[in-house]
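Undergrad: input.cif is the file, holding mmCIF, C-alpha atoms and all ligand atoms:
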data_target
loop_
_atom_site.label_atom_id
_atom_site.label_comp_id
_atom_site.auth_asym_id
_atom_site.auth_seq_id
_atom_site.Cartn_x
_atom_site.Cartn_y
_atom_site.Cartn_z
CA MET N 1 0.00 0.00 0.00
CA ASN N 2 1.13 3.55 -0.75
CA ASN N 3 0.01 6.80 0.79
CA VAL N 4 -0.58 9.56 -1.72
CA LYS N 5 -1.56 13.22 -1.54
CA ALA N 6 -5.16 14.21 -2.28
CA TYR N 7 -7.82 16.85 -1.61
CA ALA N 8 -10.91 15.76 0.29
CA ALA N 9 -14.07 17.22 1.78
CA GLY N 10 -14.69 16.12 5.36
CA GLY N 11 -18.41 16.90 5.33
CA GLU N 12 -21.15 18.48 3.24
CA THR N 13 -20.39 22.02 4.30
CA ALA N 14 -16.61 21.59 4.57
CA ALA N 15 -14.14 23.01 2.09
CA LEU N 16 -11.83 20.62 0.26
CA ALA N 17 -8.49 20.41 2.03
CA PRO N 18 -5.21 18.44 1.72
CA VAL N 19 -5.23 14.84 3.05
CA THR N 20 -3.28 11.63 2.60
CA ILE N 21 -5.09 8.59 1.21
CA PRO N 22 -4.05 4.96 0.66
CA ARG N 23 -3.68 3.40 -2.81
CA ARG N 24 -3.18 -0.35 -3.24
CA ASP N 25 -0.02 -1.84 -4.72
CA PRO N 26 -0.80 -2.77 -8.32
CA GLY N 27 -2.13 -6.35 -8.54
CA GLU N 28 -1.67 -8.64 -11.54
CA HIS N 29 -4.18 -6.78 -13.74
CA ASP N 30 -3.68 -3.28 -12.35
CA VAL N 31 -2.27 -0.13 -13.84
CA GLN N 32 -0.75 2.51 -11.55
CA ILE N 33 -1.15 6.03 -12.89
CA GLU N 34 0.43 9.33 -11.87
CA ILE N 35 -2.40 11.82 -12.39
CA LEU N 36 -1.53 14.81 -14.59
CA PHE N 37 -4.95 16.48 -14.94
CA CYS N 38 -8.40 15.96 -13.46
CA GLY N 39 -11.51 17.81 -14.66
CA ILE N 40 -14.11 19.22 -12.25
CA CYS N 41 -17.56 17.83 -13.06
CA HIS N 42 -20.75 19.25 -11.56
CA SER N 43 -21.32 15.72 -10.18
CA ASP N 44 -18.22 16.28 -8.00
CA LEU N 45 -19.94 19.35 -6.56
CA HIS N 46 -23.31 17.59 -6.07
CA THR N 47 -21.48 14.75 -4.29
CA VAL N 48 -19.20 16.85 -2.09
CA ARG N 49 -22.19 18.89 -0.93
CA ASN N 50 -24.30 15.72 -0.51
CA GLU N 51 -27.01 17.13 -2.78
CA TRP N 52 -27.97 13.62 -3.94
CA LYS N 53 -28.35 12.37 -0.37
CA ASP N 54 -31.61 10.53 -1.11
CA GLU N 55 -30.15 8.46 -3.96
CA PHE N 56 -26.40 8.35 -3.32
CA ALA N 57 -25.48 9.55 0.14
CA THR N 58 -21.91 10.80 0.27
CA VAL N 59 -19.41 8.99 2.46
CA TYR N 60 -16.74 11.26 3.93
CA PRO N 61 -13.94 12.00 3.57
CA CYS N 62 -14.82 12.46 -0.10
CA VAL N 63 -12.07 12.74 -2.72
CA PRO N 64 -13.94 13.53 -5.93
CA GLY N 65 -12.71 13.49 -9.53
CA HIS N 66 -13.60 11.18 -12.44
CA GLU N 67 -12.06 12.95 -15.43
CA ILE N 68 -8.52 11.65 -15.10
CA VAL N 69 -5.58 11.75 -17.49
CA GLY N 70 -2.17 10.59 -16.33
CA ARG N 71 1.05 8.75 -17.02
CA VAL N 72 1.41 5.02 -16.33
CA THR N 73 4.11 4.45 -13.69
CA LYS N 74 3.79 0.71 -13.04
CA VAL N 75 1.77 -2.26 -14.33
CA GLY N 76 0.90 -5.68 -12.92
CA ARG N 77 2.39 -8.90 -14.34
CA ALA N 78 -0.66 -9.81 -16.43
CA VAL N 79 -1.23 -6.35 -17.95
CA THR N 80 -0.81 -6.45 -21.71
CA SER N 81 -2.28 -3.22 -23.00
CA PHE N 82 -0.32 -0.60 -21.04
CA GLN N 83 3.28 -0.02 -20.08
CA PRO N 84 5.11 2.55 -17.95
CA GLY N 85 5.31 5.89 -19.73
CA ASP N 86 1.99 5.51 -21.60
CA LEU N 87 -0.61 8.26 -21.40
CA ALA N 88 -3.75 6.76 -19.85
CA ALA N 89 -7.17 7.88 -18.69
CA VAL N 90 -9.82 6.87 -16.16
CA GLY N 91 -13.45 7.98 -16.11
CA CYS N 92 -16.36 7.37 -13.74
CA LEU N 93 -16.00 3.59 -13.39
CA VAL N 94 -13.12 1.58 -11.95
CA ASP N 95 -14.84 -1.83 -11.74
CA SER N 96 -18.09 -3.76 -12.26
CA ASP N 97 -19.07 -7.42 -11.82
CA ARG N 98 -18.12 -8.17 -15.46
CA THR N 99 -20.42 -11.21 -15.57
CA CYS N 100 -23.92 -9.73 -15.88
CA ALA N 101 -25.74 -9.14 -19.17
CA ASP N 102 -24.99 -5.40 -19.05
CA CYS N 103 -21.26 -5.92 -18.56
CA LYS N 104 -21.20 -8.54 -21.31
CA ALA N 105 -22.90 -6.01 -23.61
CA GLY N 106 -20.18 -3.46 -22.83
CA LEU N 107 -22.61 -1.38 -20.78
CA GLU N 108 -20.75 -1.56 -17.47
CA GLN N 109 -22.40 1.69 -16.36
CA PHE N 110 -25.69 -0.22 -15.92
CA CYS N 111 -24.17 -3.14 -13.99
CA ALA N 112 -26.00 -3.72 -10.70
CA ASN N 113 -22.63 -3.85 -8.90
CA PRO N 114 -20.56 -1.02 -10.31
CA THR N 115 -17.57 0.50 -8.55
CA PHE N 116 -17.54 4.19 -9.27
CA THR N 117 -14.24 6.03 -9.19
CA TYR N 118 -15.24 7.72 -5.92
CA ASN N 119 -17.89 7.20 -3.25
CA SER N 120 -18.25 3.43 -3.90
CA PRO N 121 -17.24 0.57 -1.57
CA ASP N 122 -13.55 -0.28 -2.13
CA GLU N 123 -13.18 -4.06 -2.38
CA HIS N 124 -9.42 -3.96 -2.18
CA LEU N 125 -8.67 -1.72 0.78
CA GLY N 126 -12.06 -1.56 2.52
CA GLY N 127 -13.70 1.79 3.09
CA HIS N 128 -14.71 3.63 -0.06
CA THR N 129 -13.08 4.63 -3.34
CA TYR N 130 -11.21 7.91 -3.76
CA GLY N 131 -11.20 9.84 -7.01
CA GLY N 132 -8.85 11.86 -9.14
CA TYR N 133 -8.13 14.94 -7.04
CA SER N 134 -5.02 13.03 -6.03
CA ASP N 135 -1.45 12.28 -6.96
CA ALA N 136 -1.98 8.73 -8.21
CA ILE N 137 -4.59 6.02 -8.75
CA VAL N 138 -4.50 2.24 -9.27
CA VAL N 139 -7.11 0.78 -11.64
CA ASP N 140 -7.76 -2.58 -13.31
CA GLU N 141 -6.62 -2.37 -16.93
CA HIS N 142 -10.12 -3.13 -18.23
CA PHE N 143 -11.22 0.28 -16.95
CA VAL N 144 -8.20 2.23 -18.22
CA LEU N 145 -8.56 4.13 -21.50
CA ARG N 146 -6.11 5.27 -24.16
CA VAL N 147 -5.79 8.97 -25.00
CA PRO N 148 -5.07 9.80 -28.66
CA ALA N 149 -1.58 11.34 -28.88
CA ASN N 150 -2.74 14.49 -30.70
CA LEU N 151 -5.01 15.62 -27.84
CA ASP N 152 -3.87 18.08 -25.18
CA ALA N 153 -3.93 16.27 -21.81
CA ALA N 154 -5.61 19.09 -19.82
CA GLY N 155 -8.40 19.41 -22.38
CA ALA N 156 -8.75 15.65 -22.86
CA ALA N 157 -9.43 14.95 -19.18
CA PRO N 158 -13.07 16.22 -19.31
CA LEU N 159 -13.80 13.83 -22.18
CA LEU N 160 -13.80 11.01 -19.61
CA CYS N 161 -17.12 12.21 -18.22
CA ALA N 162 -18.46 15.24 -20.11
CA GLY N 163 -17.38 13.70 -23.43
CA ILE N 164 -18.81 10.22 -23.00
CA THR N 165 -21.99 11.38 -21.24
CA THR N 166 -22.93 13.46 -24.27
CA TYR N 167 -21.50 11.20 -27.00
CA SER N 168 -23.35 8.07 -25.83
CA PRO N 169 -26.96 9.33 -25.98
CA MET N 170 -26.31 11.22 -29.21
CA ARG N 171 -25.08 8.01 -30.84
CA HIS N 172 -27.96 6.05 -29.35
CA TRP N 173 -30.53 8.51 -30.76
CA ASN N 174 -28.78 8.78 -34.15
CA VAL N 175 -27.80 12.43 -34.01
CA GLY N 176 -26.12 13.21 -37.31
CA LYS N 177 -26.55 14.66 -40.79
CA GLY N 178 -30.05 15.90 -41.57
CA LYS N 179 -31.04 15.95 -37.86
CA LYS N 180 -31.88 18.98 -35.74
CA ALA N 181 -30.34 18.62 -32.28
CA GLY N 182 -30.75 20.92 -29.28
CA VAL N 183 -28.40 21.26 -26.32
CA VAL N 184 -29.77 22.77 -23.11
CA GLY N 185 -27.23 24.35 -20.73
CA LEU N 186 -23.85 25.45 -22.01
CA GLY N 187 -21.69 24.10 -19.20
CA GLY N 188 -19.09 21.35 -19.13
CA LEU N 189 -21.38 18.69 -20.60
CA GLY N 190 -23.26 21.11 -22.84
CA HIS N 191 -20.21 22.54 -24.57
CA MET N 192 -18.90 19.03 -25.32
CA ALA N 193 -22.34 18.09 -26.66
CA VAL N 194 -22.17 21.05 -29.06
CA LYS N 195 -18.73 20.07 -30.34
CA ILE N 196 -19.67 16.41 -30.75
CA ALA N 197 -23.09 17.06 -32.34
CA HIS N 198 -21.44 19.45 -34.80
CA ALA N 199 -18.76 16.85 -35.62
CA LEU N 200 -21.53 14.28 -36.16
CA GLY N 201 -23.01 16.62 -38.78
CA ALA N 202 -26.24 17.69 -37.04
CA HIS N 203 -27.85 21.14 -37.13
CA VAL N 204 -27.13 22.28 -33.57
CA VAL N 205 -29.17 24.73 -31.50
CA VAL N 206 -27.97 25.81 -28.05
CA PHE N 207 -30.38 26.88 -25.30
CA THR N 208 -28.72 29.01 -22.67
CA THR N 209 -29.76 31.21 -19.76
CA SER N 210 -26.51 33.18 -20.11
CA ALA N 211 -26.55 35.91 -22.78
CA ASN N 212 -22.77 36.23 -22.50
CA LYS N 213 -22.29 32.68 -23.83
CA LYS N 214 -23.95 33.39 -27.19
CA ASP N 215 -20.80 34.08 -29.23
CA ASP N 216 -19.03 31.13 -27.65
CA ALA N 217 -21.88 28.80 -28.57
CA LEU N 218 -21.46 29.71 -32.24
CA ARG N 219 -17.67 29.37 -32.04
CA LEU N 220 -18.06 25.92 -30.43
CA GLY N 221 -20.12 24.71 -33.39
CA ALA N 222 -23.74 25.75 -32.81
CA ASP N 223 -25.75 26.84 -35.85
CA GLU N 224 -28.22 28.82 -33.73
CA VAL N 225 -28.45 30.05 -30.13
CA VAL N 226 -31.64 30.62 -28.16
CA LEU N 227 -31.89 32.57 -24.92
CA SER N 228 -34.23 30.20 -23.11
CA ARG N 229 -35.80 32.94 -20.98
CA ASN N 230 -37.08 34.62 -24.15
CA ALA N 231 -40.49 33.07 -24.93
CA ASP N 232 -40.56 34.42 -28.51
CA GLU N 233 -37.20 32.90 -29.37
CA MET N 234 -38.34 29.59 -27.86
CA SER N 235 -41.66 29.46 -29.71
CA ARG N 236 -39.94 29.89 -33.08
CA HIS N 237 -38.58 26.35 -32.66
CA ALA N 238 -41.85 24.70 -31.59
CA GLY N 239 -42.31 21.12 -32.82
CA SER N 240 -39.05 21.05 -34.78
CA PHE N 241 -36.38 19.01 -33.00
CA ASP N 242 -35.42 15.39 -33.61
CA PHE N 243 -33.42 15.30 -30.40
CA ILE N 244 -32.63 17.51 -27.40
CA LEU N 245 -29.95 16.83 -24.79
CA ASP N 246 -30.76 18.40 -21.42
CA ALA N 247 -27.57 19.01 -19.43
CA VAL N 248 -28.85 21.44 -16.80
CA ALA N 249 -27.65 20.92 -13.23
CA ALA N 250 -30.54 22.68 -11.47
CA ASP N 251 -34.33 22.88 -11.46
CA HIS N 252 -35.83 24.12 -14.75
CA ASP N 253 -38.91 23.81 -16.96
CA ILE N 254 -38.32 20.67 -19.02
CA SER N 255 -41.85 20.83 -20.49
CA ALA N 256 -40.83 23.95 -22.41
CA TYR N 257 -38.24 21.84 -24.26
CA ILE N 258 -40.56 18.86 -24.76
CA ASN N 259 -42.83 21.21 -26.71
CA LEU N 260 -39.98 21.92 -29.11
CA LEU N 261 -39.72 18.26 -30.20
CA ALA N 262 -41.08 17.06 -33.54
CA ARG N 263 -43.22 13.89 -33.87
CA ASP N 264 -41.33 10.98 -32.28
CA GLY N 265 -38.67 13.39 -31.08
CA ASN N 266 -36.70 12.52 -27.97
CA ILE N 267 -35.35 14.58 -25.13
CA THR N 268 -32.65 12.88 -23.08
CA LEU N 269 -31.85 14.01 -19.60
CA VAL N 270 -28.20 13.82 -18.62
CA GLY N 271 -28.30 16.63 -16.08
CA ALA N 272 -29.05 15.34 -12.60
CA PRO N 273 -30.76 18.11 -10.61
CA PRO N 274 -31.18 17.07 -6.98
CA LYS N 275 -34.95 17.78 -6.95
CA PRO N 276 -37.52 15.98 -9.18
CA LEU N 277 -38.54 17.85 -12.35
CA SER N 278 -42.18 18.29 -13.23
CA VAL N 279 -43.36 17.09 -16.64
CA ALA N 280 -46.64 18.08 -18.33
CA ALA N 281 -48.21 14.89 -19.73
CA PHE N 282 -49.72 16.49 -22.82
CA GLY N 283 -46.35 17.57 -24.13
CA LEU N 284 -45.37 13.90 -24.42
CA LEU N 285 -48.78 12.59 -25.55
CA PHE N 286 -49.03 14.81 -28.57
CA ARG N 287 -46.64 13.83 -31.34
CA ARG N 288 -45.61 10.64 -29.46
CA ARG N 289 -42.58 12.38 -27.96
CA SER N 290 -40.32 10.61 -25.48
CA LEU N 291 -38.29 11.58 -22.47
CA SER N 292 -35.37 9.41 -21.44
CA GLY N 293 -32.16 9.46 -19.46
CA SER N 294 -28.60 8.39 -20.04
CA LEU N 295 -25.70 7.59 -17.74
CA ILE N 296 -22.07 8.12 -18.82
CA GLY N 297 -21.13 5.23 -21.18
CA GLY N 298 -19.51 1.79 -21.16
CA ILE N 299 -15.78 1.24 -21.48
CA ARG N 300 -15.87 0.21 -25.14
CA GLU N 301 -17.91 3.26 -26.11
CA THR N 302 -15.69 5.54 -24.00
CA GLN N 303 -12.69 4.40 -26.03
CA GLU N 304 -14.71 4.89 -29.24
CA MET N 305 -15.54 8.46 -28.10
CA LEU N 306 -11.86 9.20 -27.33
CA ASP N 307 -10.85 7.93 -30.77
CA PHE N 308 -13.64 10.00 -32.37
CA CYS N 309 -12.38 13.09 -30.50
CA GLY N 310 -8.84 12.25 -31.62
CA ALA N 311 -9.93 12.00 -35.25
CA HIS N 312 -11.85 15.31 -35.05
CA ASN N 313 -9.31 17.05 -32.79
CA LEU N 314 -11.89 17.70 -30.09
CA THR N 315 -11.07 18.53 -26.49
CA ALA N 316 -12.84 20.54 -23.80
CA ASP N 317 -12.29 24.29 -23.50
CA VAL N 318 -10.57 24.30 -20.14
CA GLU N 319 -9.53 26.78 -17.50
CA VAL N 320 -6.51 25.08 -15.94
CA ILE N 321 -6.24 25.69 -12.20
CA PRO N 322 -3.95 24.61 -9.38
CA ILE N 323 -5.63 22.36 -6.81
CA GLN N 324 -5.33 25.14 -4.23
CA LYS N 325 -8.06 27.02 -6.14
CA VAL N 326 -10.54 24.13 -6.06
CA ASN N 327 -12.94 25.67 -3.54
CA GLU N 328 -13.13 28.92 -5.50
CA ALA N 329 -13.75 26.85 -8.64
CA TYR N 330 -16.67 25.06 -6.93
CA ASP N 331 -18.30 28.37 -6.04
CA ARG N 332 -17.93 29.54 -9.63
CA LEU N 333 -19.27 26.25 -11.01
CA ALA N 334 -22.36 26.60 -8.81
CA ARG N 335 -22.96 30.01 -10.45
CA ALA N 336 -22.46 28.61 -14.01
CA ASP N 337 -19.34 30.79 -14.23
CA VAL N 338 -16.84 28.60 -16.07
CA LYS N 339 -15.85 28.51 -19.73
CA TYR N 340 -16.30 25.62 -19.94
CA ARG N 341 -14.55 23.15 -17.67
CA PHE N 342 -12.02 23.48 -14.87
CA SER N 343 -9.09 21.11 -15.28
CA ILE N 344 -6.83 20.73 -12.25
CA ASP N 345 -3.10 20.63 -12.95
CA MET N 346 -2.01 17.96 -10.48
CA ALA N 347 1.61 19.15 -10.52
CA SER N 348 0.30 21.78 -8.07
CA LEU N 349 -0.54 19.01 -5.59
CA ARG N 350 2.88 17.39 -5.85
CA SER N 351 4.61 20.72 -5.18
CA GLU N 352 2.68 21.34 -1.94
P1 LIG U 1 -22.12 22.73 -15.41
O1 LIG U 1 -20.81 22.87 -16.09
O2 LIG U 1 -22.36 23.45 -14.14
O3 LIG U 1 -23.25 23.11 -16.49
C1 LIG U 1 -24.61 23.20 -16.17
C2 LIG U 1 -25.25 24.31 -17.00
O4 LIG U 1 -26.65 24.32 -16.72
C3 LIG U 1 -24.81 25.70 -16.68
O5 LIG U 1 -23.61 26.07 -17.31
C4 LIG U 1 -25.97 26.54 -17.17
O6 LIG U 1 -25.86 26.76 -18.56
C5 LIG U 1 -27.16 25.63 -17.00
N1 LIG U 1 -28.06 26.12 -15.97
C6 LIG U 1 -29.28 26.62 -16.19
N2 LIG U 1 -29.88 27.00 -15.07
C7 LIG U 1 -29.01 26.75 -14.10
C8 LIG U 1 -29.06 26.98 -12.70
N3 LIG U 1 -30.14 27.50 -12.08
N4 LIG U 1 -27.97 26.63 -11.97
C9 LIG U 1 -26.89 26.08 -12.56
N5 LIG U 1 -26.82 25.86 -13.90
C10 LIG U 1 -27.86 26.20 -14.65
O7 LIG U 1 -22.41 21.19 -15.09
P2 LIG U 1 -21.94 19.87 -15.87
O8 LIG U 1 -20.68 19.38 -15.25
O9 LIG U 1 -22.02 20.10 -17.30
O10 LIG U 1 -23.08 18.85 -15.39
C11 LIG U 1 -24.44 19.11 -15.71
C12 LIG U 1 -25.33 18.12 -14.99
O11 LIG U 1 -25.10 16.81 -15.53
C13 LIG U 1 -25.06 17.99 -13.49
O12 LIG U 1 -26.30 17.82 -12.82
C14 LIG U 1 -24.23 16.72 -13.40
O13 LIG U 1 -24.32 16.08 -12.15
C15 LIG U 1 -24.87 15.89 -14.47
N6 LIG U 1 -24.04 14.80 -15.00
C16 LIG U 1 -24.67 13.67 -15.39
C17 LIG U 1 -23.95 12.63 -15.95
C18 LIG U 1 -24.66 11.42 -16.44
O14 LIG U 1 -24.03 10.38 -16.61
N7 LIG U 1 -25.94 11.50 -16.73
C19 LIG U 1 -22.58 12.74 -16.08
C20 LIG U 1 -21.96 13.93 -15.69
C21 LIG U 1 -22.69 14.95 -15.14
P3 LIG U 1 -26.30 28.14 -19.22
O15 LIG U 1 -25.45 29.19 -18.57
O16 LIG U 1 -25.99 27.94 -20.66
O17 LIG U 1 -27.77 28.31 -18.98
ZN ZN U 2 -18.94 13.71 -14.28
#
Just give me the structure of the file as structure tokens.
TA:
Amino acid sequence: MNNVKAYAAGGETAALAPVTIPRRDPGEHDVQIEILFCGICHSDLHTVRNEWKDEFATVYPCVPGHEIVGRVTKVGRAVTSFQPGDLAAVGCLVDSDRTCADCKAGLEQFCANPTFTYNSPDEHLGGHTYGGYSDAIVVDEHFVLRVPANLDAAGAAPLLCAGITTYSPMRHWNVGKGKKAGVVGLGGLGHMAVKIAHALGAHVVVFTTSANKKDDALRLGADEVVLSRNADEMSRHAGSFDFILDAVAADHDISAYINLLARDGNITLVGAPPKPLSVAAFGLLFRRRSLSGSLIGGIRETQEMLDFCGAHNLTADVEVIPIQKVNEAYDRLARADVKYRFSIDMASLRSE
């Protein structure tokens, strides 16, 4: 066992602060990774502040972080796909039972016994898992991804959650050429959704509450931008969308977006607001519209997404910060004040 540096929250109102956490020695199938960058996902904030207490109560101390890019430092005897020096990545999952129908289908995210990168029981060391706001992590090779060499490491880190969470439902719902796709909420997930939908060839419309993000939305690949608080702008798109991805982190009127769907159109929820949303039945009944959800993506599809981003040269727009600024970053993220993802430079942790 090794002790490594990390940042943890000790309780739901506590600030993140330096701690030491244990990491296991790499077993036969394990890859040990020195973490270079870790993105800050809004799920980290929901978890640290225990906002999902009814569904996933947070166990403290909580070391968040599931958008990890790093350098392999050691591998177990049986590891064949990685060697020391390789660039490697880890997302939201570090294990699953690997025997159930979901795992066999490459949909490990739906396994009934998943081990998430943080806040899950740790089978190896006891206690619970600790995420990427740390110096190093040890992960079974099945859950370690390859980062295309042309991608910048700081900007690639957010692909491990924001990238796959938006890529997976858009592939599932056939977003592409000739389709009109909406993206609600231009945050970490939303801005990746715009880039990916544009690369897939769709006509992309962004819905934002922030007037100051309008020019960015167009630069990121949107064909049109709608200020969602403007009823006239909204009604111009009534009944016209094939697909809408809802990536909003807080309470909002989802029925307003359902009304923008065409016949058989789908709106997929990836945002996970702590409180239930209210849905007007008639919006779904008319035109046979559907509302669904989506959770990250399986390992195979995560690699496919990384390769797609490599081929299209797509990374997140990141504001790189030292770990010492993490609490300030959380406050800004809560106010939707980030363009468009914080990526923590973990060298700042090693120099503490
Ligand atoms: P984020 O960067 O904070 O983006 C959320 C965006 O929602 C904001 O930038 C803002 O966009 C919009 N928004 C509208 N009203 C808001 C309000 N009252 N408060 C805050 N934001 C508001 O968050 P993220 O990291 O992209 O994550 C978005 C959500 O997805 C979170 O709930 C997160 O937990 C969830 N998530 C789900 C999965 C999954 O697997 N399903 C994976 C990762 C994250 P505008 O300024 O453009 O309005
Ligand atoms: Zn995430």
Undergrad: Quick one: residues within 6 Å of ligand LIG 1 (chain U), with only C-alpha atoms and all ligand atoms, as a PDB file with C-alpha atoms, keeping the file's coordinate frame?
TA:
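Written file, part_38.pdb:
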ATOM      1  CA  CYS N  41     -17.560  17.830 -13.060  1.00  0.00           C
ATOM      2  CA  HIS N  42     -20.750  19.250 -11.560  1.00  0.00           C
ATOM      3  CA  SER N  43     -21.320  15.720 -10.180  1.00  0.00           C
ATOM      4  CA  CYS N 161     -17.120  12.210 -18.220  1.00  0.00           C
ATOM      5  CA  ALA N 162     -18.460  15.240 -20.110  1.00  0.00           C
ATOM      6  CA  THR N 165     -21.990  11.380 -21.240  1.00  0.00           C
ATOM      7  CA  GLY N 185     -27.230  24.350 -20.730  1.00  0.00           C
ATOM      8  CA  LEU N 186     -23.850  25.450 -22.010  1.00  0.00           C
ATOM      9  CA  GLY N 187     -21.690  24.100 -19.200  1.00  0.00           C
ATOM     10  CA  GLY N 188     -19.090  21.350 -19.130  1.00  0.00           C
ATOM     11  CA  LEU N 189     -21.380  18.690 -20.600  1.00  0.00           C
ATOM     12  CA  GLY N 190     -23.260  21.110 -22.840  1.00  0.00           C
ATOM     13  CA  THR N 208     -28.720  29.010 -22.670  1.00  0.00           C
ATOM     14  CA  THR N 209     -29.760  31.210 -19.760  1.00  0.00           C
ATOM     15  CA  SER N 210     -26.510  33.180 -20.110  1.00  0.00           C
ATOM     16  CA  ALA N 247     -27.570  19.010 -19.430  1.00  0.00           C
ATOM     17  CA  VAL N 248     -28.850  21.440 -16.800  1.00  0.00           C
ATOM     18  CA  ALA N 249     -27.650  20.920 -13.230  1.00  0.00           C
ATOM     19  CA  ALA N 250     -30.540  22.680 -11.470  1.00  0.00           C
ATOM     20  CA  VAL N 270     -28.200  13.820 -18.620  1.00  0.00           C
ATOM     21  CA  GLY N 271     -28.300  16.630 -16.080  1.00  0.00           C
ATOM     22  CA  ALA N 272     -29.050  15.340 -12.600  1.00  0.00           C
ATOM     23  CA  PRO N 273     -30.760  18.110 -10.610  1.00  0.00           C
ATOM     24  CA  SER N 294     -28.600   8.390 -20.040  1.00  0.00           C
ATOM     25  CA  LEU N 295     -25.700   7.590 -17.740  1.00  0.00           C
ATOM     26  CA  ILE N 296     -22.070   8.120 -18.820  1.00  0.00           C
ATOM     27  CA  LEU N 333     -19.270  26.250 -11.010  1.00  0.00           C
ATOM     28  CA  ALA N 334     -22.360  26.600  -8.810  1.00  0.00           C
ATOM     29  CA  ARG N 335     -22.960  30.010 -10.450  1.00  0.00           C
ATOM     30  CA  ALA N 336     -22.460  28.610 -14.010  1.00  0.00           C
TER      31      ALA N 336
END
Undergrad: Nearest to Val90 in chain N: which of N:Phe143, N:Phe207, N:Phe110, N:Trp52 is it, counting only C-alpha atoms?
TA: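 Looking at the shortest contact to Val90 in chain N, the residue is N:Phe143.
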Undergrad: So how far away is CA of Pro26 in chain N from CA of Arg71 in chain N, in Å?
TA: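 A separation of 14.6 Å between them.
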Undergrad: Between N:Leu261, N:Val338, N:Val31, N:Ala311, which residue has the minimum interatomic distance to Gln83 in chain N, considering only C-alpha atoms?
TA: N:Val31
Undergrad: Rounded to one decimal in Å, what is the spacing between CA of Arg219 in chain N and CA of Ala329 in chain N?
TA: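 If I compute the distance from CA of Arg219 in chain N to CA of Ala329 in chain N, I get 23.9 Å.
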